[in-house]
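Asker: The structure that follows is given in the form of structure tokens.
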Amino acid sequence: MDLAELARHTGAEVNKYYVGLGQTAQTVPAPDEDIVTMAAAAARQIVARHGADGIRTILFATESGIDQSKSAAVYVQDLIGLSAATRAVELKQACYGGTAALQLAAGIVARDPQQRVLVIAADIAKYDLDSAGEATQGGAAVAMLVAANPALAVLDEPSGLYTANVQDFWRPNYRSTPMVDGKLSIGAYLEAVEQAWKDYEGRGGRGFAEFAGFCYHQPFTKMAYKAHTRLLELKGVEPTAARLYADLSRTAVYNRMIGNSYTASLYVALLSLLDHAEDLTGRPVAMFSYGSGAVAELFSLTPVPGYRDQLRTAGNRAAIAGREPISYENYRAVRDFALPDDGAELTVPAVTASPYRLTAVSGHSRIYGADR
Ligand code: HMG
């Protein structure tokens with residue numbers, strides 16, 4: 001949905017969204033899509049290219065869980081046909097979960113370099129209707145393969161860490177949308193940038209000038225600009241518009257059109273950078289991960305020789321461009337569609353063009369279908 005459609009409903013000037021938040025559109029998943037279908041569609045591309053040998057673990061990071069007990073990773077293992085000799089689990093810490101999964105995967109691979117770990121970050125960001133957060137909704141899934149000899153980038157040491165118990169954004173079990181204090185969350189995020197950076201420096205991290213790119217968690221793309229301004233000021237660099245544009249614009253191309261994708265957002269920013277930058281071989285990229293509540297991590301990735309052959313730029317662009325534009329009224333119809341919460345049976349209408357879809361709810365279970 002183009003945010004001009006939302007502006008038509010809220011009466012806001014569209015530039016509040018386009019310029020003030022740095023968002024032009026948001027992804028609205030179809031009724032027959034959820035984190036499992038999106039994750040399986042992302043992960044199957046990796047398995048198709050790199051095979052499934054050695055994948056004995058799936059770590060699924062999300063804060064849009066479909067079950068309080070069973071991991072979404074189990075459904076993905078089944079849908080994409082991975083071996084039964086697989087450990088499949090779900091991780092949660094707001095938008096930070098994907099980074100937690102990446103680091104845990106690196107630990108598994110360090111212990112046994114024969115193994116490869118499938119890391120998935122998938123979320124659907126949904127706020128209360130007519131709330132300020134509604135302009136920052138979205139959804140996406142990113143799948144990553146963590147291996148001893150990575151084809152894309154090396155995960156560097158060290159990391160800078162920061163955790164603070166703050167009620168900026170959380171979702172009690174009885175709610176389908178989060179509680180959020182928007183202004184507090186922005187302040188908590190900025191504080192986390194500074195503290196994680198300081199911890200990173202204290203642990204002997206790279207010098208600021210070494211980075212060829214800066215990827216931030218992007219609840220809305222303007223947040224990356226606020227965060228980078230904070231970091232530049234901390235380093236005594238003047239945050240001119242030209243400097244901010246040069247450092248960030250390529251990381252925001254996709255998020256600007258997708259909206260917040262929580263755990264996936266930082267990795268969508270990385271994809272955007274890799275798809276739009278000059279050759280970054282051997283040039284480290286700073287990554288800042290933030291999950292409300294709050295946990296943050298500052299680390300870096302260094303693209304390896306040949307990484308550009310691995311990019312799926314045309315496919316990524318086609319996936320974004322291929323979304324069907326919807327009006328505000330159609331968006332409301334999608335929002336009004338709800339899966340039963342009383343055990344009723346439901347056949348879900350077929351809408352998505354994705355290779356996987358949620359076909360029904362039956363016997364209190366989600367039933368998925370695949371075109372394979
Ligand atoms: P709001 O209060 O409606 O917006 O909601 P605002 O009045 O602050 O305006 C936003 C910006 O637009 C401002 O710019 C305005 O000046 C500007 P800023 O001063 O911030 O630079 N503006 C305009 N610009 C150009 N032309 C105009 C115009 N009008 C206004 N005509 C808010 C904004 C982000 C608070 C809301 O959308 C929200 O609550 N979002 C959800 C929370 C969120 O995204 N927080 C971000 C940090 S926390 C985080 O990243 C974690 C998270 O991803 C969750 C997780 O970890 O799981 C959210």
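Quick note on naming: the chains in the structure tokens go A, B, ... in the order shown, residues restart at 1 in each chain, and ligands are numbered from 1 in order of appearance.
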Quick one: contact table of chain A to ligand 1, 8 Å max, nearest atom pair and distance in Å to one decimal per residue, counting only C-alpha atoms and all ligand atoms, chain and number order, as a tab-separated table?
Answerer:
residue	atom	partner	partner_atom_place_in_ligand_line	distance
A:Ala12	CA	ligand 1	31 (N)	7.3
A:Glu13	CA	ligand 1	31 (N)	4.8
A:Val14	CA	ligand 1	31 (N)	6.6
A:Asn15	CA	ligand 1	26 (N)	4.2
A:Lys16	CA	ligand 1	28 (C)	3.5
A:Tyr17	CA	ligand 1	12 (O)	6.5
A:Tyr18	CA	ligand 1	25 (C)	7.4
A:Val19	CA	ligand 1	25 (C)	4.9
A:Gly20	CA	ligand 1	12 (O)	3.1
A:Leu21	CA	ligand 1	11 (C)	5.3
A:Glu63	CA	ligand 1	57 (O)	6.9
A:Gln93	CA	ligand 1	57 (O)	7.4
A:Ala94	CA	ligand 1	57 (O)	3.7
A:Cys95	CA	ligand 1	56 (O)	3.9
A:Tyr96	CA	ligand 1	56 (O)	6.5
A:Tyr127	CA	ligand 1	41 (C)	7.8
A:Ser131	CA	ligand 1	39 (O)	7.7
A:Ala132	CA	ligand 1	3 (O)	4.4
A:Gly133	CA	ligand 1	40 (N)	3.7
A:Glu134	CA	ligand 1	37 (O)	6.6
A:Ala135	CA	ligand 1	37 (O)	5.7
A:Thr136	CA	ligand 1	37 (O)	5.5
A:Asp168	CA	ligand 1	48 (S)	7.0
A:Phe169	CA	ligand 1	54 (C)	6.1
A:Trp170	CA	ligand 1	57 (O)	7.3
A:Val180	CA	ligand 1	42 (C)	6.2
A:Asp181	CA	ligand 1	39 (O)	6.2
A:Gly182	CA	ligand 1	39 (O)	3.5
A:Lys183	CA	ligand 1	35 (C)	5.2
A:Leu184	CA	ligand 1	47 (C)	7.9
A:Ser185	CA	ligand 1	48 (S)	4.2
A:Ile186	CA	ligand 1	47 (C)	4.1
A:Gly187	CA	ligand 1	47 (C)	7.5
A:Ala188	CA	ligand 1	48 (S)	7.2
A:Tyr189	CA	ligand 1	47 (C)	5.6
A:His217	CA	ligand 1	50 (O)	6.5
A:Gln218	CA	ligand 1	50 (O)	6.3
A:Pro219	CA	ligand 1	53 (O)	4.5
A:Phe220	CA	ligand 1	44 (O)	6.3
A:Lys222	CA	ligand 1	21 (O)	7.3
A:Met223	CA	ligand 1	46 (C)	6.7
A:Lys226	CA	ligand 1	21 (O)	7.5
A:Asn260	CA	ligand 1	53 (O)	6.5
A:Ser261	CA	ligand 1	53 (O)	7.6
A:Tyr262	CA	ligand 1	53 (O)	5.1
A:Thr263	CA	ligand 1	57 (O)	7.3
A:Tyr290	CA	ligand 1	56 (O)	6.1
A:Gly291	CA	ligand 1	56 (O)	3.4
A:Ser292	CA	ligand 1	56 (O)	3.7
A:Gly293	CA	ligand 1	56 (O)	7.2
A:Ala294	CA	ligand 1	56 (O)	7.4
Asker: Could you pull out the residues in region 62-137 of chain A that DSSP calls helix (DSSP H, G or I) from the backbone, as a list of chain:residue names?
Answerer: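 Taking region 62-137 of chain A and keeping helix (DSSP H, G or I) gives A:Ala72, A:Ala73, A:Val74, A:Tyr75, A:Val76, A:Gln77, A:Asp78, A:Leu79, A:Gly97, A:Gly98, A:Thr99, A:Ala100, A:Ala101, A:Leu102, A:Gln103, A:Leu104, A:Ala105, A:Ala106, A:Gly107, A:Ile108, A:Val109, A:Ala110, A:Arg111, A:Ala132, A:Gly133, A:Glu134, A:Ala135, A:Thr136.
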Asker: For Arg323 (chain A), find every residue with an atom within 10 Å (counting only C-alpha atoms), except residues of its own chain fewer than 6 positions away, and show them as a PyMOL selection string.
Answerer: chain A and resi 1+27-29+352-353
Asker: Could you go through region 70-243 of chain A and tell me which residues DSSP, when run on the backbone, assigns to strand (DSSP E or B), listing them as a ChimeraX atom specification?
Answerer: /A:87-91,93,95,116-125,138-146,153-155,160-163,169-170,179-180,213-216
Asker: Taking into account only C-alpha atoms, which residue in the set A:Thr281, A:Thr62, A:Thr221, A:Gln103 is nearest to Asn255 (chain A)?
Answerer: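 Of the candidates, the smallest distance to Asn255 (chain A) is held by A:Thr221.
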